[in-house]
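The structure appears right after this line, and notes come after that.
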Amino acid sequence: MASMRPHDAPVKPDGHRASRRIRRITAGAVLGALVTLVVVGVPTGKAALLAIEPTLSPTPSAQSLRAPAHTCLTWQLPDAADVAVVNCSAPHLFEVTGTLDLQDFDAGAAFPDPARWQQLVAQRCTELTTQALADHFDPFGRFTVGAIKPSEAGWLRGDRTLRCGVQSAGRTGTLFATTGNAQAQDQSDVHPPGTCLGNDGKAVGDPVDCALPHAIEIVGIVDLKGAFTKGYPDEAAQDRVLNTECTGLAKDFAGGPAVVGNKGLTLFWETLRMQSWQAGSTRVDCRLGAFLPDRSGFAPVTGSVKGPVEVSKQPAPAAPRNPGPAPVAAPPVTAVDTPAAPPP
């Protein structure tokens with residue numbers, strides 16, 4: 001393993017991926033009529049902006065810290081001081097998509113504030129990442145765009161290097177280990193069956209134990225690639241296939257055709273957008289959840305559908321954001337605790 005010497009310190013902007021369309025089956029019957037449900041403010045991930053404070057002397061130059069596109073990095077320490085280059089086939093937290101020199105900031109320029117860093121990453125790293133992945137980046141998928149920026153101390157010494165990349169980040173900023181090169185894999189935002197996603201206010205949070213209050217339980221994964229071989233299928237076509245497939249998966253997972261409705265849960269899914277399909281994402285989660293009475297978001301559910309279930313009519317409190325830098329999900333990842341790399 002080649003060691004990558006640290007030079008900067010992590011902070012996290014509040015950048016979110018766009019919310020996606022949700023399709024559902026009415027709670028009364030697993031085979032009920034399809035309707036569209038728009039849940040406001042259900043972002044699927046959060047970008048992280050990483051920096052690592054200088055800890056070595058002499059401080060390495062920006063040139064020595066350049067990592068070529070498709071270099072994968074990982075670390076264990078909360079401040080990422082042990083960041084190292086690893087083979088992308090091994091679990092990692094960040095895949096570099098390119099390095100930028102912020103030459104428009106002269107030697108006397110003030111260190112950008114968090115909002116400005118967030119803007120720089122959104123404007124410059126997104127474009128660079130799309131190019132590096134040969135337009136095989138799914139903006140609604142399991143990866144978000146992030147960056148490794150200079151620390152303030154490095155900035156004052158003239159470091160203007162911004163390393164762009166992709167990562168799997170939860171809503172609270174936790175980074176999850178992934179395996180494989182991003183360009184070479186299906187980036188569908190799916191989770192292994194049995195995974196539960198927690199509540200963050202009325203929205204979907206990070207993976208939690210299903211015995212704890214959660215918003216969603218995954219009951220299966222449907223790959224639409226086999227059903228549609230002649231281009232992107234519209235929502236109606238996707239719904240027809242997902243209605244059949246998800247209904248069967250939910251019945252098998254729960255232990256009967258009436259279990260889901262009897263426990264006050266709803267079977268639903270998210271249809272794929274054209275950008276996702278063109279990027280090579282073809283898989284969809286089949287999900288169970290309960291909605292608040294005013295349909296403004298997800299109600300907290302305690303317990304797996306396979307056992308006793310309790311549904312609250314009150315929204316969950318918003319999940320606390322990780323106050324420390326670069327929160328990391330400690331390996332090994334599991335289906336319950338973290339969204340491990342999905343099976344092929």
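By order of appearance in the structure tokens: chains A, B, ..., then residues from 1 within every chain, and ligands from 1 in the order shown.
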Compile a residue-level contact table for stretch 178-220 of chain A against stretch 258-280 of chain A at a cut-off of 8 Å, reporting for every qualifying residue the shortest atom pair and its distance in Å to one decimal, with only C-alpha atoms counted, rows ordered by chain and ascending number, as a tab-separated table.
residue	atom	partner	partner_atom	distance
A:Gln185	CA	A:Gly280	CA	7.9
A:Asp186	CA	A:Gly280	CA	5.8
A:Gln187	CA	A:Gly280	CA	7.2
A:Ser188	CA	A:Ser276	CA	7.7
Backbone DSSP call of alpha helix (DSSP H) for stretch 191-324 of chain A, listed as a PDB file with N, CA and C atoms, in the first residue's frame:
ATOM      1  N   GLU A 235     -41.816   6.186 -16.978  1.00  0.00           N
ATOM      2  CA  GLU A 235     -42.259   5.837 -15.631  1.00  0.00           C
ATOM      3  C   GLU A 235     -43.375   4.807 -15.646  1.00  0.00           C
ATOM      4  N   ALA A 236     -44.312   4.966 -16.564  1.00  0.00           N
ATOM      5  CA  ALA A 236     -45.434   4.029 -16.612  1.00  0.00           C
ATOM      6  C   ALA A 236     -44.947   2.610 -16.893  1.00  0.00           C
ATOM      7  N   ALA A 237     -43.987   2.482 -17.805  1.00  0.00           N
ATOM      8  CA  ALA A 237     -43.451   1.153 -18.125  1.00  0.00           C
ATOM      9  C   ALA A 237     -42.690   0.580 -16.934  1.00  0.00           C
ATOM     10  N   GLN A 238     -41.896   1.418 -16.272  1.00  0.00           N
ATOM     11  CA  GLN A 238     -41.187   0.956 -15.079  1.00  0.00           C
ATOM     12  C   GLN A 238     -42.179   0.500 -14.003  1.00  0.00           C
ATOM     13  N   ASP A 239     -43.230   1.287 -13.809  1.00  0.00           N
ATOM     14  CA  ASP A 239     -44.201   0.966 -12.768  1.00  0.00           C
ATOM     15  C   ASP A 239     -44.871  -0.383 -13.003  1.00  0.00           C
ATOM     16  N   ARG A 240     -45.152  -0.680 -14.252  1.00  0.00           N
ATOM     17  CA  ARG A 240     -45.815  -1.959 -14.542  1.00  0.00           C
ATOM     18  C   ARG A 240     -44.935  -3.131 -14.113  1.00  0.00           C
ATOM     19  N   VAL A 241     -43.647  -3.043 -14.416  1.00  0.00           N
ATOM     20  CA  VAL A 241     -42.732  -4.115 -14.038  1.00  0.00           C
ATOM     21  C   VAL A 241     -42.503  -4.127 -12.523  1.00  0.00           C
ATOM     22  N   LEU A 242     -42.269  -2.952 -11.953  1.00  0.00           N
ATOM     23  CA  LEU A 242     -41.979  -2.873 -10.521  1.00  0.00           C
ATOM     24  C   LEU A 242     -43.178  -3.256  -9.672  1.00  0.00           C
ATOM     25  N   ASN A 243     -44.373  -2.970 -10.148  1.00  0.00           N
ATOM     26  CA  ASN A 243     -45.580  -3.373  -9.423  1.00  0.00           C
ATOM     27  C   ASN A 243     -45.601  -4.889  -9.224  1.00  0.00           C
ATOM     28  N   THR A 244     -45.339  -5.589 -10.299  1.00  0.00           N
ATOM     29  CA  THR A 244     -45.347  -7.053 -10.224  1.00  0.00           C
ATOM     30  C   THR A 244     -44.181  -7.585  -9.402  1.00  0.00           C
ATOM     31  N   GLU A 245     -42.979  -7.105  -9.716  1.00  0.00           N
ATOM     32  CA  GLU A 245     -41.790  -7.643  -9.067  1.00  0.00           C
ATOM     33  C   GLU A 245     -41.736  -7.290  -7.578  1.00  0.00           C
ATOM     34  N   CYS A 246     -41.980  -6.026  -7.248  1.00  0.00           N
ATOM     35  CA  CYS A 246     -41.898  -5.616  -5.847  1.00  0.00           C
ATOM     36  C   CYS A 246     -42.996  -6.251  -5.001  1.00  0.00           C
ATOM     37  N   THR A 247     -44.174  -6.434  -5.596  1.00  0.00           N
ATOM     38  CA  THR A 247     -45.249  -7.102  -4.861  1.00  0.00           C
ATOM     39  C   THR A 247     -44.851  -8.515  -4.471  1.00  0.00           C
ATOM     40  N   GLY A 248     -44.253  -9.240  -5.422  1.00  0.00           N
ATOM     41  CA  GLY A 248     -43.805 -10.597  -5.121  1.00  0.00           C
ATOM     42  C   GLY A 248     -42.686 -10.628  -4.090  1.00  0.00           C
ATOM     43  N   LEU A 249     -41.739  -9.705  -4.219  1.00  0.00           N
ATOM     44  CA  LEU A 249     -40.633  -9.662  -3.262  1.00  0.00           C
ATOM     45  C   LEU A 249     -41.113  -9.298  -1.868  1.00  0.00           C
ATOM     46  N   ALA A 250     -42.055  -8.356  -1.773  1.00  0.00           N
ATOM     47  CA  ALA A 250     -42.587  -7.957  -0.468  1.00  0.00           C
ATOM     48  C   ALA A 250     -43.351  -9.095   0.183  1.00  0.00           C
ATOM     49  N   LYS A 251     -44.130  -9.810  -0.604  1.00  0.00           N
ATOM     50  CA  LYS A 251     -44.888 -10.947  -0.070  1.00  0.00           C
ATOM     51  C   LYS A 251     -43.946 -12.011   0.481  1.00  0.00           C
ATOM     52  N   ASP A 252     -42.905 -12.332  -0.277  1.00  0.00           N
ATOM     53  CA  ASP A 252     -41.964 -13.351   0.175  1.00  0.00           C
ATOM     54  C   ASP A 252     -41.184 -12.886   1.397  1.00  0.00           C
ATOM     55  N   PHE A 253     -40.768 -11.624   1.403  1.00  0.00           N
ATOM     56  CA  PHE A 253     -39.966 -11.100   2.504  1.00  0.00           C
ATOM     57  C   PHE A 253     -40.786 -11.021   3.791  1.00  0.00           C
ATOM     58  N   ALA A 254     -42.038 -10.547   3.686  1.00  0.00           N
ATOM     59  CA  ALA A 254     -42.869 -10.340   4.874  1.00  0.00           C
ATOM     60  C   ALA A 254     -43.502 -11.618   5.384  1.00  0.00           C
ATOM     61  N   VAL A 259     -49.524  -9.231   4.838  1.00  0.00           N
ATOM     62  CA  VAL A 259     -48.766  -8.821   6.022  1.00  0.00           C
ATOM     63  C   VAL A 259     -48.440  -7.328   5.986  1.00  0.00           C
ATOM     64  N   VAL A 260     -48.017  -6.829   4.830  1.00  0.00           N
ATOM     65  CA  VAL A 260     -47.599  -5.429   4.721  1.00  0.00           C
ATOM     66  C   VAL A 260     -48.742  -4.485   5.086  1.00  0.00           C
ATOM     67  N   GLY A 261     -49.901  -4.676   4.450  1.00  0.00           N
ATOM     68  CA  GLY A 261     -51.055  -3.819   4.728  1.00  0.00           C
ATOM     69  C   GLY A 261     -51.568  -3.963   6.138  1.00  0.00           C
ATOM     70  N   ASN A 262     -51.581  -5.184   6.651  1.00  0.00           N
ATOM     71  CA  ASN A 262     -52.090  -5.419   8.010  1.00  0.00           C
ATOM     72  C   ASN A 262     -51.243  -4.737   9.074  1.00  0.00           C
ATOM     73  N   MET A 274     -33.934   9.368 -16.549  1.00  0.00           N
ATOM     74  CA  MET A 274     -33.185   9.092 -17.766  1.00  0.00           C
ATOM     75  C   MET A 274     -31.684   9.230 -17.536  1.00  0.00           C
ATOM     76  N   GLN A 275     -31.257  10.247 -16.722  1.00  0.00           N
ATOM     77  CA  GLN A 275     -29.828  10.423 -16.470  1.00  0.00           C
ATOM     78  C   GLN A 275     -29.232   9.184 -15.805  1.00  0.00           C
ATOM     79  N   SER A 276     -29.997   8.561 -14.920  1.00  0.00           N
ATOM     80  CA  SER A 276     -29.513   7.361 -14.249  1.00  0.00           C
ATOM     81  C   SER A 276     -29.382   6.211 -15.239  1.00  0.00           C
ATOM     82  N   TRP A 277     -30.401   6.034 -16.064  1.00  0.00           N
ATOM     83  CA  TRP A 277     -30.390   4.942 -17.040  1.00  0.00           C
ATOM     84  C   TRP A 277     -29.226   5.098 -18.017  1.00  0.00           C
ATOM     85  N   GLN A 278     -29.001   6.319 -18.491  1.00  0.00           N
ATOM     86  CA  GLN A 278     -27.917   6.564 -19.441  1.00  0.00           C
ATOM     87  C   GLN A 278     -26.548   6.354 -18.804  1.00  0.00           C
TER      88      GLN A 278
END
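In this structure, atom CA of A:Phe176 sits 24.7 Å away from atom CA of A:Leu100.
Compared by their closest atoms to A:Val85, and using only C-alpha atoms, the residues A:Asp200, A:Pro68, A:Ser168, A:Phe291 rank with A:Pro68 nearest.
You can rank A:Cys164, A:Ala211, A:Gly170, A:Arg142 by their closest distance to A:Val284 using only C-alpha atoms, and at the top of that list sits A:Arg142.
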Give me the residues within 12 Å of A:Pro293 as an NGL selection string, counting only C-alpha atoms and dropping any in the same chain fewer than 2 places off. :A and (202 or 264 or 290-291 or 295-299 or 311-315)
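Using only C-alpha atoms, the shortest contact distance between A:Gly201 and any of A:Thr172, A:Ser89, A:Thr71, A:Thr302 is found at A:Thr172.
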